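Quick notes on the structure that follows.
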Amino acid sequence: MNHFTMPLNRREMLQSASAGFGFLAFAGLSTQAAEAESSNPLSPKQPHFAAKAKRVIFLCMQGGPSHVDTFDYKPQLAVDAGKGGRYGGSKLMGSPWEFKQSGQSGLWISELFPELSRHADEMCLIRSMHCDQPTHPRAMTQMHTGNAQFVRPSLGAWTLYGLGTDNDSLPGFVALNAPAASAQNYGSAFLPAIFQGTKVGRAQQRGPAAARGNGNSGPSLPDITNARLSDKSQRKQLDFIQTLNKQMLKREERQPGVEGVIESYELAFRMQDVLPELMDVSGESASTMDLYGIDGGSSDSFGRQCLMARRFVEAGVRFVELTHGNWDHHTRLKTALPENCSEIDKPIAGLLKDLAQRDLLKDTLVVWGGEFGRTPDAPNGDGRDHNHKGYTTWMAGGGVRGGMSYGATDEHGHAAVENKCHIHDWHATILHLLGLDHQKLTYRYAGRDFRLTDVYGNVIQDIIS
């Protein structure tokens, strides 16, 4: 069984253990895993070399944001609007929105991001991204795991495996509001299950987000308390179960399944004392709430995610992923895209500012992107199709050169043509900023050494400060 979901409710945790579920959860792990689990596998580890970044906040825009309407300025596309035939017969459509130069660097950013554009000098736009998959599920899987064909560990799991975490009472990898069908994107696959992401997911939807059905409401954690047993009684019950686990371990000598359960149960118990306080934002000032756009409006939900991400990384969590959905604009581009952008613009700008003023941005790598981009043509006149041949992501903080544009697509934004950055290069660069050599960060499984980038990937040295 490769995928183990750690129960967050103490009662559920103990019931599952007494039923024998836990003893099978880590079955099949290698000797390497057994040795790693003999001590706390989440303890901080030394990177391969001096790191620029200590932690990651990944802002995942599910659906494929249109790069030619947001961060990839294409004046020739406006000139050639109405012409057709070059990209499959549909007519080219210029962006309905103006681009403006922002910051001292003069980065071209769409008017859809008035708040975020103020942070242009902190952002590095990678305008030459490309991947292998033109469909959402496979492209999302490749973006997260480097492979769309087989089940592989996610970027967050590899990061946690390589570096451990700085708070033994919290998970090292948190997935906020991850879609229900995306377990593989924050999973650990053949890595020990302790390295998978802990899903902190969806609160009940309210307001404009609920009306549009975009599922971007703030994070929640169900079953966080146990009304039946006191902490002391739960600790006593857990100690008894752990005694049985350790007795079995003593008899079997090497039993990675049991070792993994011992550690995961202890972490689950500790988490329930720390997480409620960490997720309670009632103590945040009114000015902080306003900074993130937490005001009951369209930015409220994602603003809460961004604030939660700051609180998590500040508390020592190594990797936090936030998901914002419904960027698949085949239709209603002119109305739906502004709605999406308004929901994330102020929250992300607030996150960057808050991290900077807390002296965290310098070693926190903030990454923004979707699984691919959109085509420069408009098949129905108000929407764009999938485009995996060229699109834009951006990074900020964590040792990245700010105020920079790297790579380019062609004059219409259809395909990457200059300093092309494949998803493997993107992964290699993120790991490098964390002090990890993507060629050395390996795990032996099924007779071979696996890594996030498989046998590919080159670090983009030009964007590193």
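Residue names in the structure tokens use chain letters A, B, ... in the order shown, residue numbers from 1 in each chain, and ligand numbers from 1 in the order shown.
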Practice item. Extract the full set of alpha helix (DSSP H) residues from stretch 264-406 of chain A according to DSSP on the backbone, and format it as a PyMOL selection string. Key: chain A and resi 264-279+286-291+300-314+333-357
message: So that I can see what lies close to A:Ala428, please list as number ranges by chain the residues with an atom at most 7 Å from it, counting only C-alpha atoms and leaving out residues fewer than 3 positions away in the same chain.
response: A: 424-425, 431-432, 438, 453, 457-459
Separating atom CA of A:Gly106 from atom CA of A:Cys341, to the nearest tenth of an Å, is a gap of 20.7 Å
Write out, as CSV, each residue of stretch 232-337 of chain A that has an atom at most 12 Å from stretch 133-136 of chain A, together with the closest pair of atoms and their distance in Å to one decimal, counting only C-alpha atoms, rows going by chain and rising number.
```
residue,atom,partner,partner_atom,distance
A:Gly325,CA,A:His136,CA,11.9
A:Asn326,CA,A:His136,CA,11.4
A:Trp327,CA,A:His136,CA,10.8
A:Asp328,CA,A:His136,CA,9.0
```
Do you know which residues are at most 12 Å from stretch 279-287 of chain A counting only C-alpha atoms, after dropping those on the same chain fewer than 6 positions away, and could you put them as a PDB file with C-alpha atoms, in the first residue's frame?
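Produced file result-v4.pdb, reproduced below:
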```
ATOM      1  CA  LEU A 170       3.476  19.992  12.445  1.00  0.00           C
ATOM      2  CA  LEU A 176      -4.368  23.782   1.399  1.00  0.00           C
ATOM      3  CA  VAL A 200      -6.040  20.816   5.029  1.00  0.00           C
ATOM      4  CA  GLY A 218     -10.817  29.094   3.127  1.00  0.00           C
ATOM      5  CA  PRO A 219      -9.091  26.096   4.724  1.00  0.00           C
ATOM      6  CA  SER A 220     -10.576  23.999   7.487  1.00  0.00           C
ATOM      7  CA  LEU A 221      -9.616  20.901   9.451  1.00  0.00           C
ATOM      8  CA  ILE A 224      -9.674  18.256  15.079  1.00  0.00           C
ATOM      9  CA  MET A 271      -0.529  18.110  15.566  1.00  0.00           C
ATOM     10  CA  GLN A 272      -3.884  18.319  17.278  1.00  0.00           C
ATOM     11  CA  ASP A 273      -2.473  20.453  20.053  1.00  0.00           C
ATOM     12  CA  GLY A 293      -7.960  41.092   1.124  1.00  0.00           C
ATOM     13  CA  ILE A 294      -9.859  39.246   3.861  1.00  0.00           C
ATOM     14  CA  ASP A 295     -12.934  41.426   3.823  1.00  0.00           C
ATOM     15  CA  GLY A 303      -6.642  35.676   1.162  1.00  0.00           C
ATOM     16  CA  ARG A 304      -7.239  33.315   4.066  1.00  0.00           C
ATOM     17  CA  GLN A 305      -5.226  30.628   2.305  1.00  0.00           C
ATOM     18  CA  CYS A 306      -2.326  33.022   1.760  1.00  0.00           C
ATOM     19  CA  LEU A 307      -2.414  34.176   5.368  1.00  0.00           C
ATOM     20  CA  MET A 308      -2.502  30.561   6.500  1.00  0.00           C
ATOM     21  CA  ALA A 309       0.487  29.794   4.284  1.00  0.00           C
ATOM     22  CA  ARG A 310       2.471  32.582   5.937  1.00  0.00           C
ATOM     23  CA  ARG A 311       1.552  31.266   9.381  1.00  0.00           C
ATOM     24  CA  PHE A 312       2.535  27.720   8.417  1.00  0.00           C
ATOM     25  CA  ALA A 315       5.929  28.016  12.239  1.00  0.00           C
ATOM     26  CA  GLY A 350      -0.231  40.883   0.588  1.00  0.00           C
ATOM     27  CA  ASP A 354       3.979  40.327   4.688  1.00  0.00           C
TER      28      ASP A 354
END
```
- [ ] Excluding stretch 369-374 of chain A and residues on its chain fewer than 3 positions from it, collect all residues at most 9 Å away from it, counting only C-alpha atoms, and give them as a PyMOL selection string.
- [x] chain A and resi 58-68+129-131+133-144+327-330+377+383-395+413-414
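Among A:Ile126, A:Ala183, A:Ile464, A:Ile348, the residue with the shortest atom-to-atom distance to A:Trp426, counting only C-alpha atoms, is A:Ile126.
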I'd like the neighbourhood of A:Ala175 as number ranges by chain, where a residue qualifies if any of its atoms comes within 9 Å (using only C-alpha atoms), though same-chain residues fewer than 4 positions away should be ignored. A: 186, 197-201, 319-323
Expressed in Å, the length from atom CA of A:Leu278 to atom CA of A:Asn167 is 12.4 Å
